[in-house]
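Content type mmCIF, C-alpha atoms, from the file my_file-v1.cif:
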data_upload
#
loop_
_atom_site.label_atom_id
_atom_site.label_comp_id
_atom_site.auth_asym_id
_atom_site.auth_seq_id
_atom_site.Cartn_x
_atom_site.Cartn_y
_atom_site.Cartn_z
CA MET A 211 33.33 16.22 -37.60
CA GLN A 212 36.76 14.98 -36.67
CA ARG A 213 39.56 17.53 -37.00
CA ARG A 214 42.45 16.83 -39.30
CA PHE A 215 45.76 16.23 -37.52
CA SER A 216 47.40 19.38 -38.91
CA THR A 217 44.50 21.50 -37.72
CA ALA A 218 44.72 20.00 -34.21
CA VAL A 219 48.44 20.77 -34.04
CA LEU A 220 47.90 24.41 -35.07
CA ALA A 221 45.07 24.72 -32.57
CA ALA A 222 47.22 23.31 -29.79
CA ALA A 223 50.01 25.75 -30.61
CA SER A 224 47.60 28.68 -30.50
CA LEU A 225 46.22 27.54 -27.16
CA LEU A 226 49.68 27.31 -25.67
CA LEU A 227 50.40 30.92 -26.66
CA ALA A 228 47.13 31.99 -25.10
CA ALA A 229 47.77 30.46 -21.67
CA GLY A 230 47.45 32.96 -18.85
CA CYS A 231 46.37 33.35 -15.22
CA SER A 232 43.68 31.10 -13.76
CA ALA A 233 40.33 32.20 -12.49
CA GLY A 234 38.76 32.06 -9.07
CA GLY A 235 41.96 32.42 -7.05
CA ALA A 236 43.32 29.04 -8.19
CA GLN A 237 47.08 28.74 -8.30
CA PRO A 238 48.90 27.73 -11.50
CA GLN A 239 51.81 25.34 -11.40
CA GLY A 240 55.41 26.31 -10.86
CA GLY A 241 57.70 26.11 -13.84
CA ALA A 242 59.23 22.66 -13.25
CA SER A 243 56.41 20.55 -11.88
CA SER A 244 55.99 18.09 -14.72
CA ALA A 245 58.08 16.40 -17.40
CA PRO A 246 60.36 18.37 -19.74
CA ALA A 247 58.41 19.93 -22.59
CA LYS A 248 60.14 17.78 -25.19
CA ASN A 249 58.35 14.74 -23.76
CA ARG A 250 54.83 16.14 -24.03
CA GLY A 251 52.37 15.38 -26.77
CA THR A 252 53.35 11.74 -27.25
CA ALA A 253 50.42 9.73 -28.56
CA ALA A 254 49.88 6.96 -26.04
CA SER A 255 47.10 5.25 -28.01
CA PRO A 256 48.02 4.49 -31.65
CA GLY A 257 45.17 5.39 -33.95
CA ALA A 258 43.13 7.16 -31.27
CA THR A 259 40.88 9.81 -32.80
CA PRO A 260 40.98 13.48 -31.76
CA SER A 261 38.16 14.86 -29.66
CA SER A 262 35.34 16.74 -31.37
CA ALA A 263 36.03 19.83 -29.23
CA VAL A 264 39.46 20.89 -28.00
CA PRO A 265 39.49 22.33 -24.44
CA PRO A 266 41.19 25.67 -23.72
CA ALA A 267 44.83 25.55 -22.70
CA LYS A 268 44.70 27.28 -19.33
CA GLY A 269 41.37 26.33 -17.76
CA SER A 270 40.15 27.50 -14.37
CA VAL A 271 39.12 26.23 -10.95
CA GLU A 272 36.81 27.96 -8.48
CA VAL A 273 35.89 26.54 -5.08
CA THR A 274 32.20 27.30 -4.77
CA GLY A 275 31.52 25.66 -1.43
CA THR A 276 32.27 23.04 1.20
CA LEU A 277 29.86 20.12 1.27
CA ALA A 278 31.12 18.29 4.36
CA THR A 279 33.79 18.54 7.06
CA GLY A 280 35.12 16.36 9.86
CA LEU A 281 35.48 13.19 7.76
CA LYS A 282 37.88 10.50 8.97
CA SER A 283 40.30 9.08 6.37
CA PRO A 284 37.90 9.40 3.40
CA TRP A 285 39.00 7.36 0.39
CA GLY A 286 36.44 6.00 -2.10
CA VAL A 287 33.51 8.07 -3.35
CA ALA A 288 30.54 7.00 -5.47
CA VAL A 289 27.79 9.23 -6.86
CA LEU A 290 24.25 7.96 -6.38
CA PRO A 291 21.44 8.56 -8.87
CA GLY A 292 20.18 11.97 -7.86
CA GLY A 293 23.63 13.27 -6.96
CA ASP A 294 24.20 12.32 -3.32
CA LEU A 295 27.60 10.85 -2.44
CA LEU A 296 28.64 7.63 -0.75
CA VAL A 297 32.00 8.02 0.99
CA ALA A 298 34.17 5.24 2.40
CA SER A 299 36.45 5.69 5.41
CA ARG A 300 39.69 3.73 4.97
CA ASP A 301 40.49 3.37 8.66
CA THR A 302 37.04 2.96 10.22
CA GLY A 303 35.51 0.72 7.55
CA LYS A 304 32.34 2.81 7.50
CA ILE A 305 30.34 4.13 4.55
CA VAL A 306 28.33 7.33 4.85
CA ARG A 307 25.89 9.09 2.58
CA ILE A 308 26.31 12.84 2.13
CA ALA A 309 23.46 14.85 0.66
CA ALA A 310 24.59 16.83 -2.38
CA HIS A 311 22.39 19.69 -1.22
CA GLY A 312 22.95 20.66 2.40
CA GLY A 313 25.62 18.09 3.22
CA LYS A 314 23.58 16.01 5.68
CA ILE A 315 25.62 12.93 6.69
CA THR A 316 23.91 9.57 7.23
CA GLU A 317 25.85 6.46 8.24
CA LEU A 318 25.01 3.38 6.19
CA GLY A 319 27.07 1.02 8.33
CA SER A 320 30.44 -0.72 8.53
CA VAL A 321 31.84 -3.24 6.08
CA PRO A 322 32.60 -6.50 7.96
CA GLY A 323 36.09 -7.94 7.61
CA VAL A 324 37.98 -4.73 6.91
CA GLU A 325 41.45 -4.79 8.44
CA PRO A 326 43.04 -1.34 8.13
CA GLY A 327 46.78 -0.91 8.31
CA GLY A 328 49.34 1.08 6.36
CA GLU A 329 47.74 1.93 3.02
CA GLY A 330 45.11 -0.80 3.40
CA GLY A 331 41.55 -0.69 4.69
CA LEU A 332 38.23 0.23 3.11
CA LEU A 333 39.29 1.79 -0.19
CA GLY A 334 37.26 2.18 -3.38
CA ILE A 335 33.48 2.00 -3.63
CA ALA A 336 31.11 1.97 -6.59
CA VAL A 337 27.39 1.67 -7.13
CA SER A 338 26.09 -1.00 -9.46
CA ALA A 339 25.45 -0.08 -13.07
CA ALA A 340 21.89 -1.30 -12.36
CA PHE A 341 21.62 0.44 -8.99
CA GLY A 342 18.07 1.66 -9.67
CA THR A 343 16.84 -1.92 -9.55
CA ASP A 344 19.39 -3.93 -7.53
CA HIS A 345 20.55 -1.30 -4.94
CA GLN A 346 24.02 -2.88 -4.79
CA VAL A 347 27.08 -1.05 -3.43
CA TYR A 348 30.49 -2.51 -4.27
CA ALA A 349 33.54 -2.07 -2.03
CA TYR A 350 37.25 -2.89 -2.37
CA PHE A 351 38.89 -3.57 0.98
CA THR A 352 41.80 -5.16 2.78
CA THR A 353 41.18 -8.18 5.00
CA ALA A 354 43.53 -10.22 7.19
CA SER A 355 44.55 -12.28 4.16
CA ASP A 356 43.97 -10.34 0.94
CA ASN A 357 42.33 -7.46 -0.88
CA ARG A 358 38.89 -8.25 -2.23
CA VAL A 359 35.70 -6.88 -3.73
CA ALA A 360 32.31 -7.44 -2.10
CA ARG A 361 28.85 -6.10 -2.77
CA MET A 362 26.14 -5.21 -0.28
CA ASN A 363 22.48 -4.36 -0.59
CA TYR A 364 21.78 -0.77 0.44
CA ASP A 365 18.37 -0.21 2.02
CA GLU A 366 17.92 3.44 2.97
CA ARG A 367 14.59 2.63 4.64
CA ARG A 368 16.41 0.92 7.49
CA PRO A 369 17.76 2.86 10.51
CA PRO A 370 21.03 4.75 10.04
CA GLY A 371 24.00 2.53 10.78
CA ASP A 372 22.09 -0.58 9.72
CA GLN A 373 21.43 0.09 6.04
CA LEU A 374 23.99 -2.30 4.54
CA GLY A 375 23.20 -5.95 4.00
CA ALA A 376 25.67 -8.77 4.56
CA PRO A 377 28.61 -8.62 2.13
CA ASP A 378 28.63 -11.00 -0.82
CA THR A 379 32.24 -11.58 -1.90
CA VAL A 380 32.48 -10.98 -5.64
CA PHE A 381 36.24 -11.45 -6.06
CA LYS A 382 39.06 -12.27 -3.65
CA GLY A 383 42.74 -13.19 -3.59
CA ILE A 384 44.20 -9.85 -4.65
CA PRO A 385 47.61 -9.49 -2.94
CA LYS A 386 47.74 -7.20 0.11
CA GLY A 387 50.59 -5.32 1.78
CA ARG A 388 51.40 -2.39 4.03
CA ILE A 389 51.78 -0.34 0.85
CA HIS A 390 50.53 -0.36 -2.74
CA ASN A 391 47.12 -1.94 -2.31
CA GLY A 392 45.61 -0.12 -5.29
CA GLY A 393 41.92 0.08 -4.47
CA ARG A 394 40.05 2.20 -6.99
CA ILE A 395 37.01 0.49 -8.53
CA ALA A 396 34.51 1.76 -11.09
CA PHE A 397 31.89 0.52 -13.51
CA GLY A 398 32.78 1.36 -17.08
CA PRO A 399 30.58 2.40 -20.01
CA ASP A 400 30.38 -1.32 -20.86
CA ARG A 401 28.80 -1.96 -17.42
CA MET A 402 31.77 -4.11 -16.42
CA LEU A 403 33.63 -3.61 -13.13
CA TYR A 404 37.21 -2.32 -13.35
CA VAL A 405 39.60 -2.77 -10.42
CA GLY A 406 42.98 -1.08 -9.96
CA THR A 407 45.52 -3.07 -7.92
CA GLY A 408 49.04 -2.51 -6.58
CA GLU A 409 52.09 -4.75 -6.39
CA THR A 410 52.23 -4.47 -2.56
CA GLY A 411 55.93 -3.56 -2.69
CA ASP A 412 56.80 -6.87 -4.36
CA THR A 413 57.82 -5.41 -7.73
CA GLY A 414 57.93 -8.77 -9.50
CA LEU A 415 54.14 -9.14 -9.27
CA ALA A 416 53.56 -6.37 -11.80
CA GLN A 417 55.14 -8.31 -14.68
CA ASP A 418 53.74 -11.69 -13.60
CA LYS A 419 50.55 -12.26 -15.59
CA ARG A 420 49.54 -15.02 -13.18
CA SER A 421 49.43 -12.52 -10.30
CA LEU A 422 46.59 -10.08 -9.65
CA GLY A 423 48.99 -7.47 -8.26
CA GLY A 424 50.06 -4.45 -10.30
CA LYS A 425 47.17 -4.80 -12.75
CA ILE A 426 43.88 -3.39 -13.90
CA LEU A 427 41.23 -6.10 -13.67
CA ARG A 428 38.02 -6.21 -15.70
CA MET A 429 35.19 -8.44 -14.55
CA THR A 430 31.44 -8.91 -14.72
CA PRO A 431 29.34 -7.62 -11.81
CA ASP A 432 29.49 -11.20 -10.49
CA GLY A 433 33.31 -11.29 -10.54
CA GLU A 434 33.79 -13.43 -13.65
CA PRO A 435 36.23 -12.65 -16.50
CA ALA A 436 34.49 -10.19 -18.81
CA HIS A 437 33.94 -11.01 -22.46
CA GLY A 438 36.65 -9.42 -24.59
CA ASN A 439 39.43 -9.61 -22.01
CA PRO A 440 42.90 -10.40 -23.44
CA GLU A 441 42.62 -13.94 -22.05
CA ALA A 442 39.14 -15.45 -21.92
CA ASP A 443 39.66 -17.18 -18.56
CA SER A 444 41.33 -14.24 -16.80
CA VAL A 445 40.16 -10.96 -15.25
CA VAL A 446 43.56 -9.37 -16.01
CA TYR A 447 43.00 -6.48 -18.43
CA ASP A 448 46.53 -5.08 -18.52
CA TYR A 449 49.72 -5.30 -16.45
CA GLY A 450 52.99 -3.65 -15.47
CA HIS A 451 51.63 -1.19 -12.90
CA ARG A 452 53.14 -0.11 -9.59
CA ASN A 453 50.03 1.18 -7.82
CA VAL A 454 46.91 2.16 -9.74
CA GLN A 455 44.96 4.79 -7.78
CA GLY A 456 42.63 6.47 -10.26
CA LEU A 457 40.25 5.30 -13.01
CA ALA A 458 38.12 7.45 -15.33
CA TRP A 459 36.62 7.37 -18.83
CA ASP A 460 36.56 10.24 -21.29
CA ASP A 461 33.68 11.14 -23.61
CA ASP A 462 34.97 8.68 -26.22
CA LYS A 463 34.94 5.83 -23.65
CA ARG A 464 38.73 5.62 -23.36
CA LEU A 465 39.94 4.41 -19.96
CA TRP A 466 42.52 6.53 -18.12
CA ALA A 467 44.49 5.58 -15.01
CA SER A 468 46.80 7.40 -12.60
CA GLU A 469 49.76 5.67 -11.03
CA PHE A 470 52.34 6.28 -8.30
CA GLY A 471 55.95 6.29 -9.41
CA GLN A 472 58.79 5.37 -7.07
CA ASP A 473 61.43 8.09 -6.98
CA THR A 474 61.25 9.80 -10.35
CA TRP A 475 58.02 9.81 -12.38
CA ASP A 476 54.33 9.56 -11.57
CA GLU A 477 52.14 8.69 -14.54
CA LEU A 478 48.85 9.31 -16.31
CA ASN A 479 48.12 6.44 -18.71
CA VAL A 480 45.53 5.72 -21.33
CA ILE A 481 44.69 2.04 -20.94
CA GLU A 482 44.60 -0.51 -23.73
CA PRO A 483 43.79 -4.19 -23.11
CA GLY A 484 46.72 -6.57 -22.90
CA ARG A 485 49.38 -3.88 -22.89
CA ASN A 486 52.41 -3.78 -20.59
CA TYR A 487 52.88 -0.48 -18.74
CA GLY A 488 56.45 -1.22 -17.78
CA TRP A 489 56.87 -1.37 -14.02
CA PRO A 490 59.41 -2.22 -12.60
CA LYS A 491 61.44 -2.30 -15.83
CA VAL A 492 60.41 1.25 -16.66
CA GLU A 493 59.39 4.22 -14.52
CA GLY A 494 57.89 6.94 -16.68
CA ARG A 495 58.69 6.81 -20.40
CA ALA A 496 60.79 4.01 -21.82
CA GLU A 497 64.28 5.08 -22.83
CA GLY A 498 67.41 3.38 -24.11
CA ARG A 499 67.10 -0.36 -24.54
CA ALA A 500 63.62 -0.34 -23.01
CA ALA A 501 62.31 2.02 -25.70
CA GLY A 502 61.88 -0.80 -28.21
CA ALA A 503 60.58 -3.42 -25.79
CA GLY A 504 56.89 -2.81 -26.42
CA PHE A 505 56.08 -0.98 -23.17
CA MET A 506 53.16 1.46 -23.23
CA ASP A 507 54.36 5.00 -22.52
CA PRO A 508 52.36 7.31 -20.25
CA VAL A 509 50.61 10.31 -21.76
CA GLU A 510 52.04 12.59 -19.05
CA VAL A 511 54.54 12.25 -16.22
CA TRP A 512 55.29 14.30 -13.09
CA ARG A 513 58.06 14.42 -10.53
CA THR A 514 56.85 12.49 -7.51
CA ALA A 515 57.11 15.53 -5.22
CA ASP A 516 54.67 17.38 -7.46
CA ALA A 517 52.00 14.72 -7.74
CA SER A 518 51.83 11.28 -6.06
CA PRO A 519 48.44 10.97 -7.75
CA SER A 520 45.32 9.32 -6.44
CA GLY A 521 41.83 9.76 -7.91
CA ILE A 522 41.10 11.18 -11.36
CA ALA A 523 37.97 12.47 -13.06
CA TRP A 524 36.96 13.57 -16.56
CA ALA A 525 35.24 16.94 -17.06
CA LYS A 526 35.26 19.74 -19.63
CA GLY A 527 37.62 17.96 -22.02
CA SER A 528 40.30 17.38 -19.39
CA ILE A 529 41.49 14.81 -16.91
CA TRP A 530 41.59 16.22 -13.37
CA MET A 531 44.04 14.49 -11.04
CA ALA A 532 44.11 14.74 -7.23
CA SER A 533 47.62 14.71 -5.77
CA LEU A 534 48.63 13.60 -2.29
CA ARG A 535 52.25 14.54 -1.73
CA GLY A 536 51.93 17.30 -4.34
CA GLU A 537 48.92 18.82 -2.52
CA ARG A 538 47.42 20.18 -5.72
CA LEU A 539 44.83 19.44 -8.39
CA TRP A 540 46.25 18.87 -11.86
CA ARG A 541 44.38 19.60 -15.09
CA ILE A 542 45.44 17.79 -18.26
CA PRO A 543 43.58 19.16 -21.34
CA LEU A 544 43.32 16.58 -24.11
CA ASN A 545 42.57 16.27 -27.80
CA GLY A 546 42.00 12.53 -28.09
CA THR A 547 45.01 11.10 -26.25
CA ARG A 548 47.25 14.09 -27.00
CA PRO A 549 47.71 16.89 -24.45
CA VAL A 550 46.93 20.27 -26.03
CA ALA A 551 48.94 22.12 -23.38
CA ALA A 552 51.18 21.44 -20.43
CA PRO A 553 49.44 20.14 -17.28
CA ARG A 554 48.45 22.97 -14.98
CA ALA A 555 48.20 22.86 -11.19
CA PHE A 556 45.50 24.48 -9.06
CA LEU A 557 44.91 24.88 -5.30
CA LYS A 558 48.58 24.21 -4.60
CA GLY A 559 49.01 23.72 -0.85
CA THR A 560 45.63 25.32 -0.11
CA TYR A 561 43.82 22.24 1.23
CA GLY A 562 46.68 19.81 1.87
CA ARG A 563 46.66 16.28 0.50
CA LEU A 564 44.02 15.56 -2.12
CA ARG A 565 42.72 11.98 -2.36
CA THR A 566 39.72 11.75 -4.65
CA VAL A 567 38.10 13.86 -7.36
CA VAL A 568 34.73 12.91 -8.82
CA ALA A 569 32.67 14.38 -11.65
CA ALA A 570 29.28 15.53 -10.39
CA GLY A 571 27.66 15.13 -13.80
CA ASP A 572 26.86 18.81 -14.33
CA GLY A 573 30.37 19.98 -15.23
CA THR A 574 31.37 20.49 -11.60
CA LEU A 575 33.68 18.34 -9.48
CA TRP A 576 33.72 17.01 -5.93
CA LEU A 577 37.21 17.13 -4.39
CA VAL A 578 38.07 15.13 -1.25
CA THR A 579 41.04 15.96 1.00
CA SER A 580 43.21 13.36 2.77
CA ASN A 581 44.88 14.96 5.76
CA THR A 582 43.69 12.45 8.39
CA ASP A 583 45.33 9.44 6.72
CA GLY A 584 48.40 9.50 8.99
CA ARG A 585 50.62 11.28 6.48
CA GLY A 586 48.99 14.68 6.35
CA THR A 587 48.74 17.58 8.78
CA PRO A 588 45.08 17.90 9.77
CA HIS A 589 43.60 21.33 10.28
CA LYS A 590 40.27 22.29 11.79
CA GLY A 591 37.50 20.82 9.67
CA ASP A 592 39.59 18.11 8.00
CA ASP A 593 38.87 16.07 6.12
CA ARG A 594 36.45 17.85 3.83
CA ILE A 595 34.65 17.66 0.50
CA LEU A 596 34.73 20.72 -1.74
CA ARG A 597 32.59 21.63 -4.72
CA LEU A 598 34.54 22.99 -7.69
CA ARG A 599 33.45 24.86 -10.80
CA VAL A 600 35.98 24.12 -13.54
CA SER A 601 36.67 24.93 -17.16
#
Now, as a test, write the supplied structure out as structure tokens.
Amino acid sequence: MQRRFSTAVLAAASLLLAAGCSAGGAQPQGGASSAPAKNRGTAASPGATPSSAVPPAKGSVEVTGTLATGLKSPWGVAVLPGGDLLVASRDTGKIVRIAAHGGKITELGSVPGVEPGGEGGLLGIAVSAAFGTDHQVYAYFTTASDNRVARMNYDERRPPGDQLGAPDTVFKGIPKGRIHNGGRIAFGPDRMLYVGTGETGDTGLAQDKRSLGGKILRMTPDGEPAHGNPEADSVVYDYGHRNVQGLAWDDDKRLWASEFGQDTWDELNVIEPGRNYGWPKVEGRAEGRAAGAGFMDPVEVWRTADASPSGIAWAKGSIWMASLRGERLWRIPLNGTRPVAAPRAFLKGTYGRLRTVVAAGDGTLWLVTSNTDGRGTPHKGDDRILRLRVS
């Protein structure tokens, strides 16, 4: 049964009082990592229902093993039926398969047409919602002229390095730049393909509904506007983003997205179709004159030094957010769209920059580091994939 609002508030207050030390050697956040407490708890989705079970306030993270090491600029990750991982290398354009048990690495091949540079290259990957029958792997990548999405047939019976078929371009014409190329793609519960894009440093693109930059796009597996989009002839699902880097759905099929701020606030947003998320008119929560302009406020915000978020995942009633500059994994426990406690940081500085976090399907997470991307400080074994037990 759904909880009454007053009960949820009392539960959240009790959980806050109960917060303590984390388990498994994980490191909690410092006192000033996220937004002032007075800003927390804002409902980002009017009318959104509370969750059936409220997660604990403090949570825990335990690193239970290392699946793979020596990866070069890993970026996108997709989980295959059976649990193995496909991992995309931003700078080499290659996709590899990593066995979930034992960590054996097999190269599928390279994606033709990838032109790495700056924050561009081979970015997000996803497996088709019908992968069991069509064996299609989708990739978002930067070319000489644009960012685009293509799909390739994956035939694991072929020799390693030659397991990807010729790319079939599904969607093209997404603006490219040295920075802010977005890149995360994922199939939603509705079996449609969602694509996070960036404004490439040209801030005006985010508010321009005719542009594909600074948006979340929603399309059919063939790249056509999906039924139910705000405009029937457009793939644009929402707008006003600076650089969408993470996409995930909770148990109630709400879409969440992480986003880089500029100098002040990084954001975690719950996504509603047709809404304006503010950039560049607003960074973080709307204040002053902008407060009444109809912009969608983020559910949580962080100082950019503490986050610079990339991938996100949903597990155990919380959003888990990998942070690059912040070099930590954030946990945001939620009751519906309302945080039940302040975000809490784990693994702070332990593994360097964190690029992608993926739910393994059994309550555990895969966490991918990003120290070989030109901005980190690689150590022996970088980059790596870690298995996490979380609560």
Legend entry - Result set of the PyMOL selection byres ((chain A and resi 492) around 12) on the coordinates above, as a ChimeraX atom specification: /A:413,416-417,450-452,471-477,486-491,493-508
Inset, instruction - Can you turn the PyMOL selection byres ((chain A and resi 424-437) around 8) into a concrete residue list for this file, as a ChimeraX atom specification? - result: /A:338,380-381,392,401-409,415-417,422-423,438-439,442-454
Inset, instruction - Spell out the residues picked by the PyMOL selection byres ((chain A and resi 290-300) around 8) here, as a VMD selection string. - result: chain A and resid 281 to 289 301 to 311 326 330 to 335 337 342 570
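What separates atom CA of A:Thr560 from atom CA of A:Leu534 is a distance of 12.3 Å.
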Inset, instruction - Can you work out the spacing between atom CA of A:Ile542 and atom CA of A:Ala278 in Å, to one decimal? - result: 26.8 Å
Inset, instruction - Identify, on the basis of only C-alpha atoms, every residue whose closest approach to A:Trp459 does not exceed 12 Å; exclude the query and any residue fewer than 2 positions from it along the same chain; express the result as a ChimeraX atom specification. - result: /A:396-400,404,456-457,461-468,479-481,522-525,527-530,546-547,568-569
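Here atom CA of A:Lys382 and atom CA of A:Ala458 stand 22.9 Å from one another.
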Any chance you could turn stretch 253-308 of chain A into a file with C-alpha atoms, as a short mmCIF file (atom, residue, chain, number, x, y, z; two decimals), in the first residue's frame?
data_model
loop_
_atom_site.label_atom_id
_atom_site.label_comp_id
_atom_site.auth_asym_id
_atom_site.auth_seq_id
_atom_site.Cartn_x
_atom_site.Cartn_y
_atom_site.Cartn_z
CA ALA A 253 9.38 17.41 -4.96
CA ALA A 254 10.63 17.54 -8.53
CA SER A 255 7.69 15.59 -9.98
CA PRO A 256 4.27 17.01 -9.01
CA GLY A 257 1.91 14.23 -8.04
CA ALA A 258 4.59 11.52 -8.02
CA THR A 259 3.66 8.71 -5.64
CA PRO A 260 5.91 7.59 -2.77
CA SER A 261 7.76 4.31 -3.07
CA SER A 262 6.30 1.21 -1.45
CA ALA A 263 9.47 0.73 0.63
CA VAL A 264 11.63 3.55 1.96
CA PRO A 265 15.40 2.84 1.87
CA PRO A 266 17.55 3.36 4.97
CA ALA A 267 19.15 6.76 5.39
CA LYS A 268 22.81 5.82 5.57
CA GLY A 269 23.28 2.81 3.29
CA SER A 270 26.55 1.01 2.70
CA VAL A 271 29.06 0.13 -0.01
CA GLU A 272 31.47 -2.80 -0.02
CA VAL A 273 33.91 -3.52 -2.83
CA THR A 274 33.75 -7.29 -3.20
CA GLY A 275 36.11 -7.71 -6.12
CA THR A 276 37.76 -6.42 -9.28
CA LEU A 277 36.34 -7.82 -12.50
CA ALA A 278 38.79 -6.33 -15.01
CA THR A 279 41.88 -4.10 -15.16
CA GLY A 280 43.95 -2.41 -17.85
CA LEU A 281 40.99 -0.92 -19.75
CA LYS A 282 41.64 2.07 -22.01
CA SER A 283 39.24 5.03 -21.65
CA PRO A 284 36.15 2.91 -20.81
CA TRP A 285 32.90 4.83 -21.18
CA GLY A 286 29.65 3.03 -22.05
CA VAL A 287 28.64 -0.27 -20.47
CA ALA A 288 25.75 -2.57 -21.34
CA VAL A 289 24.71 -5.74 -19.52
CA LEU A 290 24.02 -8.75 -21.73
CA PRO A 291 21.40 -11.39 -20.93
CA GLY A 292 23.26 -13.72 -18.62
CA GLY A 293 25.20 -10.92 -16.95
CA ASP A 294 28.33 -10.40 -19.06
CA LEU A 295 29.29 -6.80 -19.85
CA LEU A 296 29.93 -4.98 -23.10
CA VAL A 297 32.31 -2.06 -22.58
CA ALA A 298 33.06 0.73 -25.05
CA SER A 299 36.43 2.50 -25.24
CA ARG A 300 35.98 6.20 -25.99
CA ASP A 301 39.40 6.76 -27.54
CA THR A 302 40.02 3.48 -29.38
CA GLY A 303 36.49 2.95 -30.72
CA LYS A 304 36.55 -0.70 -29.64
CA ILE A 305 33.91 -2.74 -27.84
CA VAL A 306 34.90 -5.66 -25.62
CA ARG A 307 32.95 -8.31 -23.79
CA ILE A 308 33.92 -9.02 -20.18
#
